[in-house]
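Colleague: Data: work_33.cif, mmCIF, C-alpha atoms.
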```
data_model
#
loop_
_atom_site.label_atom_id
_atom_site.label_comp_id
_atom_site.auth_asym_id
_atom_site.auth_seq_id
_atom_site.Cartn_x
_atom_site.Cartn_y
_atom_site.Cartn_z
CA MET H 9 -126.23 -86.00 -8.73
CA ILE H 10 -127.37 -83.15 -10.96
CA GLU H 11 -131.12 -82.66 -11.44
CA ILE H 12 -132.61 -81.19 -14.61
CA ASP H 13 -136.18 -80.43 -15.63
CA SER H 14 -135.54 -80.48 -19.39
CA ILE H 15 -133.46 -83.11 -21.15
CA LEU H 16 -131.95 -80.36 -23.29
CA GLU H 17 -130.22 -79.02 -20.16
CA VAL H 18 -127.79 -81.93 -20.36
CA VAL H 19 -125.43 -79.91 -22.53
CA ASN H 20 -124.85 -77.52 -19.63
CA HIS H 21 -123.41 -80.26 -17.42
CA ILE H 22 -121.03 -82.37 -19.53
CA ASP H 23 -117.93 -80.21 -19.85
CA ASP H 24 -115.98 -82.35 -17.37
CA VAL H 25 -116.63 -85.77 -18.95
CA ASP H 26 -115.54 -87.59 -22.10
CA VAL H 27 -118.42 -90.06 -22.43
CA VAL H 28 -122.11 -89.16 -22.25
CA ILE H 29 -124.46 -92.12 -21.77
CA PHE H 30 -128.22 -91.88 -21.99
CA ASP H 31 -131.10 -94.02 -20.89
CA LEU H 32 -133.69 -94.41 -23.66
CA ASP H 33 -137.30 -94.71 -22.49
CA ASP H 34 -138.70 -91.47 -21.05
CA THR H 35 -135.27 -89.88 -21.40
CA LEU H 36 -134.78 -89.42 -25.14
CA TYR H 37 -138.40 -90.00 -26.13
CA GLY H 38 -141.70 -90.50 -24.30
CA GLU H 39 -142.46 -94.15 -23.58
CA LYS H 40 -146.17 -93.39 -23.67
CA GLN H 41 -145.71 -92.96 -27.42
CA TYR H 42 -144.53 -96.57 -27.66
CA ILE H 43 -147.38 -97.86 -25.52
CA ARG H 44 -149.99 -95.97 -27.54
CA SER H 45 -148.38 -97.19 -30.76
CA GLY H 46 -148.65 -100.76 -29.54
CA TYR H 47 -152.33 -100.42 -28.75
CA LYS H 48 -152.89 -99.00 -32.21
CA LYS H 49 -151.14 -101.98 -33.81
CA ILE H 50 -153.30 -104.37 -31.80
CA ALA H 51 -156.45 -102.53 -32.85
CA GLU H 52 -155.38 -102.69 -36.49
CA THR H 53 -154.55 -106.39 -36.23
CA PHE H 54 -157.96 -107.26 -34.82
CA GLY H 55 -159.82 -104.76 -36.99
CA ILE H 56 -161.49 -103.04 -34.03
CA SER H 57 -160.40 -99.42 -34.07
CA GLU H 58 -162.02 -98.40 -30.78
CA ILE H 59 -159.95 -100.77 -28.67
CA GLU H 60 -156.94 -98.47 -29.11
CA ASP H 61 -158.62 -95.73 -27.08
CA LYS H 62 -160.10 -98.23 -24.65
CA MET H 63 -156.69 -99.75 -23.92
CA TRP H 64 -155.13 -96.33 -23.59
CA ASN H 65 -157.78 -95.19 -21.11
CA VAL H 66 -157.34 -98.34 -19.01
CA PHE H 67 -153.57 -97.86 -19.03
CA MET H 68 -153.85 -94.23 -17.98
CA SER H 69 -156.12 -95.21 -15.12
CA GLY H 70 -153.60 -97.78 -13.88
CA GLY H 71 -155.29 -100.93 -15.11
CA LYS H 72 -154.08 -103.89 -17.18
CA ALA H 73 -155.01 -102.52 -20.57
CA ILE H 74 -154.65 -105.53 -22.84
CA ASP H 75 -156.20 -107.99 -20.39
CA GLU H 76 -159.16 -105.82 -19.45
CA VAL H 77 -160.09 -104.71 -22.95
CA LEU H 78 -159.73 -108.15 -24.52
CA ALA H 79 -161.89 -109.56 -21.71
CA GLU H 80 -164.50 -106.88 -22.40
CA TYR H 81 -164.66 -108.04 -26.03
CA ASP H 82 -164.61 -111.72 -25.03
CA MET H 83 -161.25 -112.05 -26.76
CA ILE H 84 -158.98 -113.00 -23.86
CA ASP H 85 -157.96 -116.06 -25.87
CA LYS H 86 -156.27 -113.57 -28.23
CA LYS H 87 -153.96 -112.27 -25.51
CA ASP H 88 -150.84 -114.07 -26.75
CA GLU H 89 -151.42 -112.76 -30.25
CA ALA H 90 -151.95 -109.24 -28.91
CA LEU H 91 -148.75 -109.38 -26.86
CA THR H 92 -146.79 -110.60 -29.88
CA VAL H 93 -148.14 -107.71 -31.97
CA TYR H 94 -147.24 -105.27 -29.19
CA ARG H 95 -143.75 -106.62 -28.55
CA PHE H 96 -142.73 -106.93 -32.19
CA GLN H 97 -144.30 -103.72 -33.46
CA GLU H 98 -142.54 -101.20 -35.65
CA PRO H 99 -143.31 -98.33 -33.27
CA ASP H 100 -144.53 -94.90 -34.25
CA ILE H 101 -142.28 -92.87 -31.94
CA ASP H 102 -140.11 -89.77 -32.13
CA TYR H 103 -137.59 -87.97 -29.95
CA TYR H 104 -138.63 -85.27 -27.56
CA PRO H 105 -138.37 -81.89 -29.33
CA GLY H 106 -134.77 -80.84 -29.86
CA VAL H 107 -133.24 -84.12 -28.65
CA TYR H 108 -131.99 -85.41 -32.00
CA ASP H 109 -130.14 -82.17 -32.70
CA MET H 110 -128.78 -82.21 -29.15
CA LEU H 111 -127.39 -85.70 -29.68
CA LEU H 112 -125.71 -84.64 -32.92
CA ASP H 113 -124.16 -81.65 -31.15
CA ILE H 114 -122.89 -83.81 -28.28
CA LYS H 115 -121.45 -86.35 -30.71
CA GLU H 116 -119.25 -83.67 -32.24
CA ILE H 117 -117.38 -83.17 -28.98
CA LYS H 118 -117.99 -86.28 -26.84
CA LEU H 119 -118.35 -90.04 -27.10
CA LEU H 120 -121.99 -91.06 -26.98
CA GLY H 121 -123.53 -94.19 -25.48
CA VAL H 122 -126.94 -95.61 -24.58
CA ILE H 123 -127.84 -98.16 -21.91
CA THR H 124 -131.45 -99.28 -21.98
CA ASP H 125 -133.51 -101.93 -20.22
CA GLY H 126 -136.18 -104.06 -21.82
CA ARG H 127 -136.86 -106.95 -24.15
CA VAL H 128 -134.32 -107.05 -26.96
CA GLU H 129 -136.93 -107.11 -29.73
CA GLY H 130 -138.79 -104.08 -28.37
CA GLN H 131 -135.72 -101.98 -27.62
CA THR H 132 -134.17 -102.85 -30.97
CA ALA H 133 -137.33 -101.69 -32.74
CA LYS H 134 -137.26 -98.41 -30.82
CA ILE H 135 -133.60 -97.87 -31.68
CA LYS H 136 -134.35 -98.54 -35.36
CA ALA H 137 -137.37 -96.23 -35.39
CA LEU H 138 -135.35 -93.40 -33.87
CA LYS H 139 -132.27 -94.21 -35.99
CA LEU H 140 -130.39 -94.01 -32.72
CA ASP H 141 -127.77 -96.48 -33.92
CA GLU H 142 -126.73 -93.90 -36.49
CA VAL H 143 -125.96 -91.39 -33.73
CA ALA H 144 -124.68 -93.32 -30.71
CA ASP H 145 -121.18 -94.81 -30.66
CA ASN H 146 -122.29 -97.76 -28.55
CA ILE H 147 -125.70 -99.05 -27.45
CA ILE H 148 -126.28 -101.75 -24.86
CA ILE H 149 -129.67 -103.38 -24.34
CA THR H 150 -129.23 -104.92 -20.91
CA ASP H 151 -131.38 -107.98 -21.66
CA SER H 152 -128.96 -108.89 -24.44
CA LEU H 153 -126.33 -109.58 -21.80
CA GLY H 154 -128.24 -112.61 -20.57
CA GLY H 155 -131.78 -111.71 -19.61
CA ALA H 156 -133.80 -109.46 -17.33
CA GLU H 157 -131.43 -110.00 -14.41
CA PHE H 158 -128.95 -107.75 -16.21
CA ARG H 159 -131.30 -104.77 -16.12
CA LYS H 160 -130.44 -101.79 -13.95
CA PRO H 161 -129.34 -101.58 -11.18
CA ASN H 162 -127.06 -104.41 -12.37
CA GLU H 163 -123.61 -102.97 -13.08
CA ALA H 164 -122.73 -105.21 -16.04
CA ALA H 165 -123.83 -102.86 -18.84
CA PHE H 166 -121.96 -99.93 -17.29
CA VAL H 167 -118.81 -102.01 -16.92
CA LYS H 168 -119.04 -103.09 -20.57
CA MET H 169 -119.57 -99.48 -21.62
CA GLN H 170 -116.47 -98.41 -19.69
CA GLU H 171 -114.45 -101.20 -21.28
CA TYR H 172 -115.70 -100.25 -24.73
CA PHE H 173 -114.69 -96.60 -24.43
CA ASP H 174 -111.61 -97.32 -22.29
CA VAL H 175 -111.92 -94.26 -20.06
CA SER H 176 -112.14 -93.92 -16.31
CA TYR H 177 -115.58 -94.09 -14.70
CA SER H 178 -115.13 -90.54 -13.44
CA ASP H 179 -114.99 -89.41 -17.07
CA MET H 180 -118.43 -90.88 -17.78
CA VAL H 181 -121.91 -89.52 -17.02
CA TYR H 182 -125.24 -91.34 -17.12
CA ILE H 183 -128.50 -89.52 -17.80
CA GLY H 184 -131.80 -91.18 -16.88
CA ASP H 185 -135.29 -90.54 -15.58
CA ASN H 186 -135.87 -93.35 -13.06
CA ILE H 187 -134.52 -92.30 -9.68
CA ASN H 188 -135.25 -95.76 -8.26
CA LYS H 189 -132.84 -97.72 -10.46
CA ASP H 190 -130.93 -95.66 -13.03
CA PHE H 191 -128.17 -94.30 -10.81
CA ILE H 192 -127.40 -97.10 -8.38
CA ALA H 193 -124.74 -98.72 -10.57
CA PRO H 194 -123.21 -95.46 -11.82
CA ASP H 195 -122.88 -94.23 -8.23
CA ARG H 196 -121.19 -97.46 -7.14
CA LEU H 197 -118.74 -97.30 -10.03
CA GLY H 198 -117.85 -93.65 -9.53
CA MET H 199 -119.61 -92.24 -12.56
CA LYS H 200 -121.35 -88.90 -12.65
CA SER H 201 -125.12 -88.87 -13.00
CA ILE H 202 -127.86 -86.54 -14.19
CA TRP H 203 -131.47 -87.12 -13.21
CA PHE H 204 -133.98 -85.92 -15.81
CA LYS H 205 -137.04 -85.23 -13.67
CA ASN H 206 -139.48 -86.07 -16.43
CA ILE H 207 -142.91 -85.25 -15.02
CA ASP H 208 -144.51 -86.99 -18.02
CA GLY H 209 -142.49 -90.15 -17.49
CA ILE H 210 -144.08 -93.41 -16.47
CA TYR H 211 -141.85 -93.80 -13.41
CA TYR H 212 -141.75 -90.19 -12.28
CA ARG H 213 -142.30 -89.61 -8.58
#
```
Just dump the structure as structure tokens.

Modeller:
Amino acid sequence: MIEIDSILEVVNHIDDVDVVIFDLDDTLYGEKQYIRSGYKKIAETFGISEIEDKMWNVFMSGGKAIDEVLAEYDMIDKKDEALTVYRFQEPDIDYYPGVYDMLLDIKEIKLLGVITDGRVEGQTAKIKALKLDEVADNIIITDSLGGAEFRKPNEAAFVKMQEYFDVSYSDMVYIGDNINKDFIAPDRLGMKSIWFKNIDGIYYR
């Protein structure tokens, strides 16, 4: 496994592969952007602007942001509505600096894929906001394969990606940020892997 400290370093390590596959959250953009965006949408929906910052502060301190803040405002009965707003938001997110241009450069010389975990509605909204479907040759949201049990480290998405591109696993590389789950399947299948040690990522350790 190759370790990098900046996602832009990927281009230095893909000469020996034909297919470059990225994780999405905390790899191409910062997931904290999505979380903050969701809290903002909830605040706008309920017309209480200060709960955005309150939820963010609870989240950053490791608490259950939506539950705790709604309880503080005696609005816990609004939890389902808040979760719906959060999960179906049109997120205000953007790539890490330089990533979009990097993807365009890679696409000129390699095949480009994305494998991402998460609810289909949320991941689809992220992909749309980033216009990632206009760049990547193939995108797989693991939940779309049959539910959360297909999330990494399940191999199914990687097998489907290999079948789609019709190359050997050794000609594929996966780039992700979560050392606990992202590389288990690629390692089993014989793919190459690059760990983006994203110190700002939610799952960094």

Colleague: Once the PyMOL selection byres ((chain H and resi 105) around 12) is applied to the coordinates I shared, what remains selected? I want it as a count of residues only.

Modeller: 17

Colleague: Near Pro161 (chain H), counting all atoms listed in the file, which residues have an atom at most 7 Å away, once you skip same-chain residues fewer than 2 positions from it, shown as an NGL selection string?

Modeller: :H and (159 or 163 or 189-190 or 192-193)

Colleague: When distances are computed from all atoms listed in the file, which of H:Pro194, H:Gly121, H:Gly154, H:Pro99 shows the smallest separation from Lys49 (chain H)?

Modeller: H:Pro99

Colleague: Identify the residues within 10 Å of coordinate (-130.1, -108.9, -18.6) (same frame as the file), considering only C-alpha atoms, and give the answer as an NGL selection string.

Modeller: :H and (125-128 or 149-160 or 162 or 164-165)

Colleague: Got a sec to resolve the PyMOL selection byres ((chain H and resi 17-29) around 7) on this structure and send the residues as a list in words?

Modeller: Ile12, Ser14, Ile15, Leu16, Phe30, Asp31, Lys118, Leu119, Leu120, Gly121, Val122, Ile123, Asp179, Met180, Val181, Tyr182 and Ile183 of chain H

Colleague: Please compute the CA of Lys48 (chain H)-CA of Leu78 (chain H) distance, one decimal, in Å.

Modeller: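 Atom-to-atom, CA of Lys48 (chain H) and CA of Leu78 (chain H) are spaced 13.8 Å apart.
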
Colleague: With only C-alpha atoms as the atoms that count, which of H:Asp61, H:Asp208, H:Asp113, H:Glu76 lies nearest to Asp13 (chain H)?

Modeller: H:Asp208

Colleague: Which residue, H:Ser201, H:Thr53, H:Asn65, H:Ser45, has the smallest gap to Glu89 (chain H) when you use all atoms listed in the file?

Modeller: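 For Glu89 (chain H), the nearest of the given residues is H:Thr53.
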
Colleague: Apply the PyMOL selection byres ((chain H and resi 60) around 10) to the structure shown and report the selected residues as number ranges by chain.

Modeller: H: 44-52, 56-59, 61-65, 73-74, 77

Colleague: Would you save the residues from that selection as a compact mmCIF listing (two decimals), keeping the file's coordinate frame, using C-alpha atoms?

Modeller:
```txt
# COMPACT_ATOMS: atom_id res chain seq x y z
CA ARG H 44 -149.99 -95.97 -27.54
CA SER H 45 -148.38 -97.19 -30.76
CA GLY H 46 -148.65 -100.76 -29.54
CA TYR H 47 -152.33 -100.42 -28.75
CA LYS H 48 -152.89 -99.00 -32.21
CA LYS H 49 -151.14 -101.98 -33.81
CA ILE H 50 -153.30 -104.37 -31.80
CA ALA H 51 -156.45 -102.53 -32.85
CA GLU H 52 -155.38 -102.69 -36.49
CA ILE H 56 -161.49 -103.04 -34.03
CA SER H 57 -160.40 -99.42 -34.07
CA GLU H 58 -162.02 -98.40 -30.78
CA ILE H 59 -159.95 -100.77 -28.67
CA ASP H 61 -158.62 -95.73 -27.08
CA LYS H 62 -160.10 -98.23 -24.65
CA MET H 63 -156.69 -99.75 -23.92
CA TRP H 64 -155.13 -96.33 -23.59
CA ASN H 65 -157.78 -95.19 -21.11
CA ALA H 73 -155.01 -102.52 -20.57
CA ILE H 74 -154.65 -105.53 -22.84
CA VAL H 77 -160.09 -104.71 -22.95
```

Colleague: When you count only C-alpha atoms, which of these residues is closest to Lys134 (chain H): H:Met83, H:Leu32, H:Ile10, H:Ile148?

Modeller: H:Leu32

Colleague: In Å, rounded to a single decimal, give me how far CA of Arg95 (chain H) is from CA of Ala137 (chain H).

Modeller: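 These two atoms are separated by 14.0 Å.
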
Colleague: Give me, please, the distance in Å between CA of Met199 (chain H) and CA of Ser178 (chain H), quoted to one decimal.

Modeller: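 If I compute the distance from CA of Met199 (chain H) to CA of Ser178 (chain H), I get 4.9 Å.
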
Colleague: Select, from H:Leu197, H:Ile135, H:Met9, H:Ile43, the residue with the minimum atom-to-atom distance to Tyr94 (chain H), counting all atoms listed in the file.

Modeller: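 The answer is H:Ile43, which sits nearest to Tyr94 (chain H).
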
Colleague: Which residue gives the smallest distance to Glu98 (chain H) among H:Gln131, H:Ser176, H:Asn188, H:Thr124, with all atoms listed in the file counted?

Modeller: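 Selected residue with least distance to Glu98 (chain H): H:Gln131.
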